[in-house]
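What follows is the content of run-v9.pdb (PDB, C-alpha atoms).
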MODEL        1
ATOM      1  CA  MET A   1     -49.291  95.920  35.971
ATOM      2  CA  SER A   2     -46.155  93.776  36.085
ATOM      3  CA  ASP A   3     -42.778  95.139  35.065
ATOM      4  CA  THR A   4     -42.838  92.980  31.931
ATOM      5  CA  ASN A   5     -46.253  94.267  30.925
ATOM      6  CA  ALA A   6     -45.034  97.816  31.453
ATOM      7  CA  ARG A   7     -41.946  97.138  29.323
ATOM      8  CA  ILE A   8     -44.088  95.680  26.529
ATOM      9  CA  ALA A   9     -46.542  98.570  26.704
ATOM     10  CA  ASP A  10     -43.644 101.001  26.458
ATOM     11  CA  ILE A  11     -42.242  99.224  23.370
ATOM     12  CA  VAL A  12     -45.542  99.005  21.481
ATOM     13  CA  ASN A  13     -46.531 102.560  22.351
ATOM     14  CA  SER A  14     -43.229 104.143  21.390
ATOM     15  CA  ASN A  15     -42.922 102.467  17.955
ATOM     16  CA  ASP A  16     -45.571 102.705  15.233
ATOM     17  CA  VAL A  17     -44.939  99.183  13.940
ATOM     18  CA  VAL A  18     -43.464  96.512  16.195
ATOM     19  CA  LEU A  19     -42.871  92.854  15.451
ATOM     20  CA  PHE A  20     -42.075  90.490  18.313
ATOM     21  CA  MET A  21     -40.231  87.667  16.611
ATOM     22  CA  LYS A  22     -37.797  84.811  16.997
ATOM     23  CA  GLY A  23     -34.432  85.981  15.724
ATOM     24  CA  THR A  24     -33.674  89.138  13.771
ATOM     25  CA  PRO A  25     -34.881  90.467  10.409
ATOM     26  CA  LEU A  26     -31.636  89.269   8.823
ATOM     27  CA  PHE A  27     -31.642  85.938  10.642
ATOM     28  CA  PRO A  28     -35.173  84.884  11.565
ATOM     29  CA  GLN A  29     -35.121  81.697  13.635
ATOM     30  CA  CYS A  30     -38.557  80.425  12.640
ATOM     31  CA  GLY A  31     -40.513  80.201   9.404
ATOM     32  CA  PHE A  32     -43.429  82.194  10.777
ATOM     33  CA  SER A  33     -41.171  85.059  11.869
ATOM     34  CA  SER A  34     -39.464  84.916   8.486
ATOM     35  CA  ARG A  35     -42.808  85.252   6.719
ATOM     36  CA  ALA A  36     -43.819  88.207   8.899
ATOM     37  CA  ILE A  37     -40.567  89.990   8.055
ATOM     38  CA  ALA A  38     -41.049  89.270   4.351
ATOM     39  CA  ILE A  39     -44.456  90.970   4.466
ATOM     40  CA  LEU A  40     -43.153  94.036   6.319
ATOM     41  CA  ASP A  41     -40.175  94.335   3.974
ATOM     42  CA  HIS A  42     -42.462  94.080   0.987
ATOM     43  CA  LEU A  43     -44.637  96.891   2.357
ATOM     44  CA  GLU A  44     -41.512  99.034   2.823
ATOM     45  CA  VAL A  45     -42.676 100.558   6.086
ATOM     46  CA  PRO A  46     -40.269 101.243   8.943
ATOM     47  CA  TYR A  47     -40.613  98.751  11.757
ATOM     48  CA  HIS A  48     -39.060  97.852  15.068
ATOM     49  CA  THR A  49     -38.377  94.256  16.038
ATOM     50  CA  VAL A  50     -37.894  92.544  19.386
ATOM     51  CA  ASP A  51     -36.091  89.197  19.433
ATOM     52  CA  VAL A  52     -37.944  87.216  22.089
ATOM     53  CA  LEU A  53     -35.209  84.571  22.094
ATOM     54  CA  GLN A  54     -32.970  87.146  23.774
ATOM     55  CA  ASP A  55     -35.455  87.935  26.534
ATOM     56  CA  MET A  56     -37.320  85.197  28.358
ATOM     57  CA  GLU A  57     -39.543  87.648  30.249
ATOM     58  CA  ILE A  58     -40.755  89.201  27.026
ATOM     59  CA  ARG A  59     -41.063  85.796  25.347
ATOM     60  CA  GLN A  60     -43.560  84.658  27.983
ATOM     61  CA  GLY A  61     -44.974  88.089  28.805
ATOM     62  CA  ILE A  62     -45.977  88.943  25.248
ATOM     63  CA  LYS A  63     -48.308  85.929  25.129
ATOM     64  CA  ALA A  64     -50.128  87.126  28.215
ATOM     65  CA  TYR A  65     -50.104  90.753  27.052
ATOM     66  CA  SER A  66     -52.045  89.933  23.886
ATOM     67  CA  ASP A  67     -53.723  86.732  25.095
ATOM     68  CA  TRP A  68     -52.207  85.104  22.004
ATOM     69  CA  PRO A  69     -50.235  81.855  22.242
ATOM     70  CA  THR A  70     -47.710  82.201  19.438
ATOM     71  CA  ILE A  71     -44.899  84.372  18.122
ATOM     72  CA  PRO A  72     -44.482  86.403  15.876
ATOM     73  CA  GLN A  73     -46.897  89.117  16.954
ATOM     74  CA  LEU A  74     -47.467  92.393  15.100
ATOM     75  CA  TYR A  75     -48.491  95.653  16.766
ATOM     76  CA  VAL A  76     -49.435  98.849  14.960
ATOM     77  CA  LYS A  77     -49.835 102.040  17.011
ATOM     78  CA  GLY A  78     -49.977  99.955  20.170
ATOM     79  CA  GLU A  79     -52.719  97.652  18.918
ATOM     80  CA  PHE A  80     -52.197  93.913  18.510
ATOM     81  CA  LEU A  81     -53.056  92.856  14.954
ATOM     82  CA  GLY A  82     -52.232  89.152  14.960
ATOM     83  CA  GLY A  83     -49.559  86.679  13.963
ATOM     84  CA  SER A  84     -48.079  85.866  10.574
ATOM     85  CA  ASP A  85     -51.196  84.070   9.281
ATOM     86  CA  ILE A  86     -53.411  87.080   9.985
ATOM     87  CA  MET A  87     -50.729  89.387   8.556
ATOM     88  CA  MET A  88     -50.772  87.344   5.346
ATOM     89  CA  GLU A  89     -54.572  87.316   5.160
ATOM     90  CA  MET A  90     -54.707  91.076   5.785
ATOM     91  CA  TYR A  91     -51.957  91.695   3.254
ATOM     92  CA  GLU A  92     -53.681  89.642   0.571
ATOM     93  CA  ALA A  93     -56.955  91.480   1.211
ATOM     94  CA  GLY A  94     -55.201  94.866   1.080
ATOM     95  CA  GLU A  95     -56.242  95.519   4.669
ATOM     96  CA  LEU A  96     -52.742  95.765   6.084
ATOM     97  CA  GLN A  97     -51.743  98.384   3.527
ATOM     98  CA  ALA A  98     -54.962 100.331   4.252
ATOM     99  CA  LEU A  99     -54.447 100.204   8.010
ATOM    100  CA  LEU A 100     -50.859 101.426   7.737
ATOM    101  CA  SER A 101     -51.913 104.220   5.400
ATOM    102  CA  GLN A 102     -54.651 105.286   7.817
ATOM    103  CA  ASN A 103     -51.941 105.564  10.428
ATOM    104  CA  GLY A 104     -49.823 107.809   8.266
ATOM    105  CA  MET A 105     -47.424 105.217   6.856
ATOM    106  CA  ALA A 106     -47.178 104.850   3.101
ATOM    107  CA  ALA A 107     -47.208 101.124   2.466
ATOM    108  CA  LYS A 108     -46.439  99.635  -0.895
ATOM    109  CA  GLY A 109     -48.900  97.039  -2.120
TER     110      GLY A 109
ATOM    111  CA  MET B   1     -43.888  66.312  19.603
ATOM    112  CA  PRO B   2     -45.787  65.360  16.432
ATOM    113  CA  MET B   3     -49.535  65.364  16.481
ATOM    114  CA  PRO B   4     -51.645  63.495  13.905
ATOM    115  CA  ALA B   5     -53.782  65.582  11.566
ATOM    116  CA  ASP B   6     -56.956  63.711  12.439
ATOM    117  CA  GLN B   7     -56.463  64.580  16.105
ATOM    118  CA  ILE B   8     -56.212  68.274  15.221
ATOM    119  CA  GLU B   9     -59.350  67.975  13.117
ATOM    120  CA  ALA B  10     -61.226  66.124  15.884
ATOM    121  CA  LEU B  11     -60.374  68.800  18.466
ATOM    122  CA  ILE B  12     -61.561  71.590  16.179
ATOM    123  CA  ARG B  13     -64.719  69.723  15.231
ATOM    124  CA  ALA B  14     -65.593  69.068  18.887
ATOM    125  CA  ALA B  15     -65.690  72.810  19.515
ATOM    126  CA  LEU B  16     -67.029  73.906  16.104
ATOM    127  CA  PRO B  17     -69.319  71.071  14.941
ATOM    128  CA  ASP B  18     -70.330  72.806  11.700
ATOM    129  CA  ALA B  19     -66.753  73.469  10.610
ATOM    130  CA  GLN B  20     -65.347  72.525   7.237
ATOM    131  CA  ILE B  21     -61.768  71.670   8.088
ATOM    132  CA  THR B  22     -58.947  71.198   5.617
ATOM    133  CA  ILE B  23     -55.619  70.148   7.053
ATOM    134  CA  THR B  24     -52.444  69.910   5.011
ATOM    135  CA  ASP B  25     -49.293  68.256   6.321
ATOM    136  CA  LEU B  26     -46.827  70.770   4.892
ATOM    137  CA  ALA B  27     -43.597  68.879   5.429
ATOM    138  CA  GLY B  28     -44.863  65.315   5.594
ATOM    139  CA  ASP B  29     -43.429  65.035   9.094
ATOM    140  CA  GLY B  30     -46.614  65.184  11.160
ATOM    141  CA  ASP B  31     -45.386  68.407  12.742
ATOM    142  CA  HIS B  32     -45.915  71.242  10.257
ATOM    143  CA  TYR B  33     -49.519  71.784   9.279
ATOM    144  CA  ALA B  34     -51.749  74.260   7.558
ATOM    145  CA  ALA B  35     -55.384  74.281   8.621
ATOM    146  CA  HIS B  36     -58.231  76.078   6.889
ATOM    147  CA  VAL B  37     -61.350  76.257   9.010
ATOM    148  CA  VAL B  38     -64.688  77.509   7.727
ATOM    149  CA  SER B  39     -67.490  77.923  10.255
ATOM    150  CA  ALA B  40     -70.666  79.951  10.620
ATOM    151  CA  SER B  41     -69.614  80.736  14.183
ATOM    152  CA  PHE B  42     -66.914  83.049  12.776
ATOM    153  CA  ALA B  43     -69.511  85.325  11.181
ATOM    154  CA  GLY B  44     -69.169  88.942  12.214
ATOM    155  CA  LYS B  45     -66.054  88.293  14.291
ATOM    156  CA  PRO B  46     -62.679  89.906  13.639
ATOM    157  CA  ARG B  47     -59.869  87.606  12.508
ATOM    158  CA  ILE B  48     -58.190  87.610  15.905
ATOM    159  CA  ALA B  49     -61.416  86.368  17.509
ATOM    160  CA  GLN B  50     -61.858  83.714  14.804
ATOM    161  CA  HIS B  51     -58.363  82.395  15.396
ATOM    162  CA  LYS B  52     -58.876  82.453  19.156
ATOM    163  CA  LEU B  53     -61.920  80.194  18.777
ATOM    164  CA  VAL B  54     -59.698  77.662  17.020
ATOM    165  CA  PHE B  55     -56.919  78.062  19.612
ATOM    166  CA  ALA B  56     -59.483  77.443  22.351
ATOM    167  CA  ALA B  57     -60.638  74.306  20.538
ATOM    168  CA  LEU B  58     -57.037  73.118  20.530
ATOM    169  CA  GLY B  59     -57.015  73.464  24.296
ATOM    170  CA  GLY B  60     -53.748  75.274  24.874
ATOM    171  CA  ARG B  61     -51.706  73.114  22.496
ATOM    172  CA  MET B  62     -51.130  76.016  20.122
ATOM    173  CA  GLY B  63     -47.644  77.392  20.619
ATOM    174  CA  GLY B  64     -46.672  74.342  22.632
ATOM    175  CA  GLU B  65     -47.256  70.792  21.435
ATOM    176  CA  LEU B  66     -48.527  72.276  18.195
ATOM    177  CA  HIS B  67     -45.760  74.625  17.126
ATOM    178  CA  ALA B  68     -46.220  74.852  13.421
ATOM    179  CA  LEU B  69     -49.829  75.294  12.449
ATOM    180  CA  GLN B  70     -50.610  77.843   9.780
ATOM    181  CA  LEU B  71     -54.191  78.863  10.284
ATOM    182  CA  THR B  72     -56.667  80.537   7.987
ATOM    183  CA  THR B  73     -60.342  81.008   8.783
ATOM    184  CA  GLY B  74     -63.458  81.886   6.878
ATOM    185  CA  VAL B  75     -67.230  81.903   6.965
ATOM    186  CA  PRO B  76     -69.366  79.727   4.681
ATOM    187  CA  THR B  77     -70.391  81.436   1.459
TER     188      THR B  77
ENDMDL
END

Can the structure in the file be given as structure tokens, please?
Amino acid sequence: MSDTNARIADIVNSNDVVLFMKGTPLFPQCGFSSRAIAILDHLEVPYHTVDVLQDMEIRQGIKAYSDWPTIPQLYVKGEFLGGSDIMMEMYEAGELQALLSQNGMAAKG
Amino acid sequence: MPMPADQIEALIRAALPDAQITITDLAGDGDHYAAHVVSASFAGKPRIAQHKLVFAALGGRMGGELHALQLTTGVPT
């Protein structure tokens, strides 16, 4: 396992909810990252973010880690869930709230 | 690098011939699209796998040449 993979594994396994994004929650640098943050904020669950624009290794490495070509990427309990489109679909179906609740996080609908 | 909507549709259709494809040019600039793809080949697959089928159809353009494509998938009802 490469150093970058090990770093990513450490991040997603030591935080219940992690969003790899462009920019920060206050200043997202891309509409998709902004939408992902809006969903997480609406659910009112604690989350950790990683700004891939500040770390080229992570920016490239995260795509290989999940075999997913785009950012943002959401991880819950170490598992890759998808990007902002899948987050929105899951949210609208109530699946995201259910998954977070199953993992011990009270999510608002 | 803008990419015409009909090219996106053609790439998806080549890989998923049965697909019903709806593409919306969100900003009118040929660079920000939403695509809704409905195909029987998505049946029984998790969303990540459904999206990956579409990414594969786009042949590595997703996240590169094709930055802004909102994607939703479904199975025929």

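Distance-wise, atom CA of B:Gly28 and atom CA of A:Pro69 end up 24.1 Å apart.
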
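Atom pair atom CA of A:Trp68 / atom CA of A:Gly82: separated by 8.1 Å.
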
Revision key, fill the gap. In terms of only C-alpha atoms, the residue from B:Ser41, B:Thr72, B:Thr24, B:Gln7 at minimal distance from chain A is B:Thr72

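The smallest atom-to-atom distance between chain B and any of A:Gly104, A:Ile71, A:Lys77, A:Glu95, using only C-alpha atoms, is found for A:Ile71.
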
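Against this structure, the PyMOL selection byres ((chain B and resi 54) around 10) ends up with Leu11, Ile12, Arg13, Ala15, Leu16, Val37, Phe42, Ala49, Gln50, His51, Lys52, Leu53, Phe55, Ala56, Ala57, Leu58, Gly59, Met62, Leu71, Thr72 and Thr73 of chain B.
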
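A straight-line distance of 21.6 Å separates atom CA of B:Ile8 from atom CA of A:Glu89.
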
Exercise for review: May I have the residues within 9 Å of B:Ala40 as an NGL selection string, using all atoms listed in the file and disregarding those fewer than 2 positions away in the same chain?
Suggested key: :B and (16 or 18-19 or 38 or 42-43 or 74-76)

Contacts of chain A with chain B up to 12 Å, shortest pair per row, only C-alpha atoms, as a tab-separated table:
residue	atom	partner	partner_atom	distance
A:Cys30	CA	B:Ala68	CA	9.5
A:Gly31	CA	B:Ala68	CA	8.8
A:Phe32	CA	B:Ala68	CA	8.3
A:Ser33	CA	B:Ala68	CA	11.5
A:Arg35	CA	B:Gln70	CA	11.2
A:Arg59	CA	B:Gly63	CA	11.7
A:Gln60	CA	B:Gly63	CA	11.1
A:Lys63	CA	B:Gly63	CA	9.7
A:Ser66	CA	B:Ile48	CA	10.3
A:Asp67	CA	B:Lys52	CA	9.0
A:Trp68	CA	B:Lys52	CA	7.7
A:Pro69	CA	B:Gly63	CA	5.4
A:Thr70	CA	B:Gly63	CA	5.0
A:Ile71	CA	B:Gly63	CA	7.9
A:Pro72	CA	B:Gly63	CA	10.7
A:Gln73	CA	B:Ile48	CA	11.4
A:Leu74	CA	B:Ile48	CA	11.8
A:Glu79	CA	B:Ile48	CA	11.8
A:Phe80	CA	B:Ile48	CA	9.1
A:Leu81	CA	B:Ile48	CA	7.4
A:Gly82	CA	B:Ile48	CA	6.2
A:Gly83	CA	B:Ile48	CA	8.9
A:Ser84	CA	B:Gln70	CA	8.5
A:Asp85	CA	B:Leu71	CA	6.1
A:Ile86	CA	B:Arg47	CA	7.0
A:Met87	CA	B:Arg47	CA	10.1
A:Met88	CA	B:Thr72	CA	9.4
A:Glu89	CA	B:Thr72	CA	7.6
A:Met90	CA	B:Arg47	CA	9.2
A:Glu95	CA	B:Arg47	CA	11.7

Residues from the last selection, C-alpha atoms, saved as an mmCIF file, in the coordinates of the input:
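Output file result_38.cif follows:
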data_model
loop_
_atom_site.group_PDB
_atom_site.id
_atom_site.type_symbol
_atom_site.label_atom_id
_atom_site.label_comp_id
_atom_site.auth_asym_id
_atom_site.auth_seq_id
_atom_site.Cartn_x
_atom_site.Cartn_y
_atom_site.Cartn_z
ATOM 1 C CA CYS A 30 -38.557 80.425 12.640
ATOM 2 C CA GLY A 31 -40.513 80.201 9.404
ATOM 3 C CA PHE A 32 -43.429 82.194 10.777
ATOM 4 C CA SER A 33 -41.171 85.059 11.869
ATOM 5 C CA ARG A 35 -42.808 85.252 6.719
ATOM 6 C CA ARG A 59 -41.063 85.796 25.347
ATOM 7 C CA GLN A 60 -43.560 84.658 27.983
ATOM 8 C CA LYS A 63 -48.308 85.929 25.129
ATOM 9 C CA SER A 66 -52.045 89.933 23.886
ATOM 10 C CA ASP A 67 -53.723 86.732 25.095
ATOM 11 C CA TRP A 68 -52.207 85.104 22.004
ATOM 12 C CA PRO A 69 -50.235 81.855 22.242
ATOM 13 C CA THR A 70 -47.710 82.201 19.438
ATOM 14 C CA ILE A 71 -44.899 84.372 18.122
ATOM 15 C CA PRO A 72 -44.482 86.403 15.876
ATOM 16 C CA GLN A 73 -46.897 89.117 16.954
ATOM 17 C CA LEU A 74 -47.467 92.393 15.100
ATOM 18 C CA GLU A 79 -52.719 97.652 18.918
ATOM 19 C CA PHE A 80 -52.197 93.913 18.510
ATOM 20 C CA LEU A 81 -53.056 92.856 14.954
ATOM 21 C CA GLY A 82 -52.232 89.152 14.960
ATOM 22 C CA GLY A 83 -49.559 86.679 13.963
ATOM 23 C CA SER A 84 -48.079 85.866 10.574
ATOM 24 C CA ASP A 85 -51.196 84.070 9.281
ATOM 25 C CA ILE A 86 -53.411 87.080 9.985
ATOM 26 C CA MET A 87 -50.729 89.387 8.556
ATOM 27 C CA MET A 88 -50.772 87.344 5.346
ATOM 28 C CA GLU A 89 -54.572 87.316 5.160
ATOM 29 C CA MET A 90 -54.707 91.076 5.785
ATOM 30 C CA GLU A 95 -56.242 95.519 4.669
#

Name the residues captured by the PyMOL selection byres ((chain A and resi 47-58) around 7) when it is applied to the shown file; answer as a CSV table (one decimal) with C-alpha atoms, keeping the file's coordinate frame.
chain,number,residue,atom,x,y,z
A,4,THR,CA,-42.8,93.0,31.9
A,15,ASN,CA,-42.9,102.5,18.0
A,17,VAL,CA,-44.9,99.2,13.9
A,18,VAL,CA,-43.5,96.5,16.2
A,19,LEU,CA,-42.9,92.9,15.5
A,20,PHE,CA,-42.1,90.5,18.3
A,21,MET,CA,-40.2,87.7,16.6
A,22,LYS,CA,-37.8,84.8,17.0
A,23,GLY,CA,-34.4,86.0,15.7
A,24,THR,CA,-33.7,89.1,13.8
A,45,VAL,CA,-42.7,100.6,6.1
A,46,PRO,CA,-40.3,101.2,8.9
A,59,ARG,CA,-41.1,85.8,25.3
A,60,GLN,CA,-43.6,84.7,28.0
A,61,GLY,CA,-45.0,88.1,28.8
A,62,ILE,CA,-46.0,88.9,25.2

**Study point:** Target residues per the PyMOL selection byres ((chain B and resi 3) around 9), formatted as JSON, numbers by chain
**Key:** {"B": [1, 2, 4, 5, 6, 7, 8, 30, 31, 65, 66]}

What box, with edges along x, y and z, holds each listed atom of stretch 52-65 of chain B when 5 Å is added on every side, and can you state its centre and edge lengths in Å to one decimal, as lines of an AutoDock Vina configuration file?
center_x = -54.3
center_y = 76.6
center_z = 20.9
size_x = 25.2
size_y = 21.7
size_z = 17.9

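Closest approach to A:Gln97 among A:Tyr65, A:Ile39, A:Ser14, A:Gln29 is made by A:Ile39 (distances from all atoms listed in the file).
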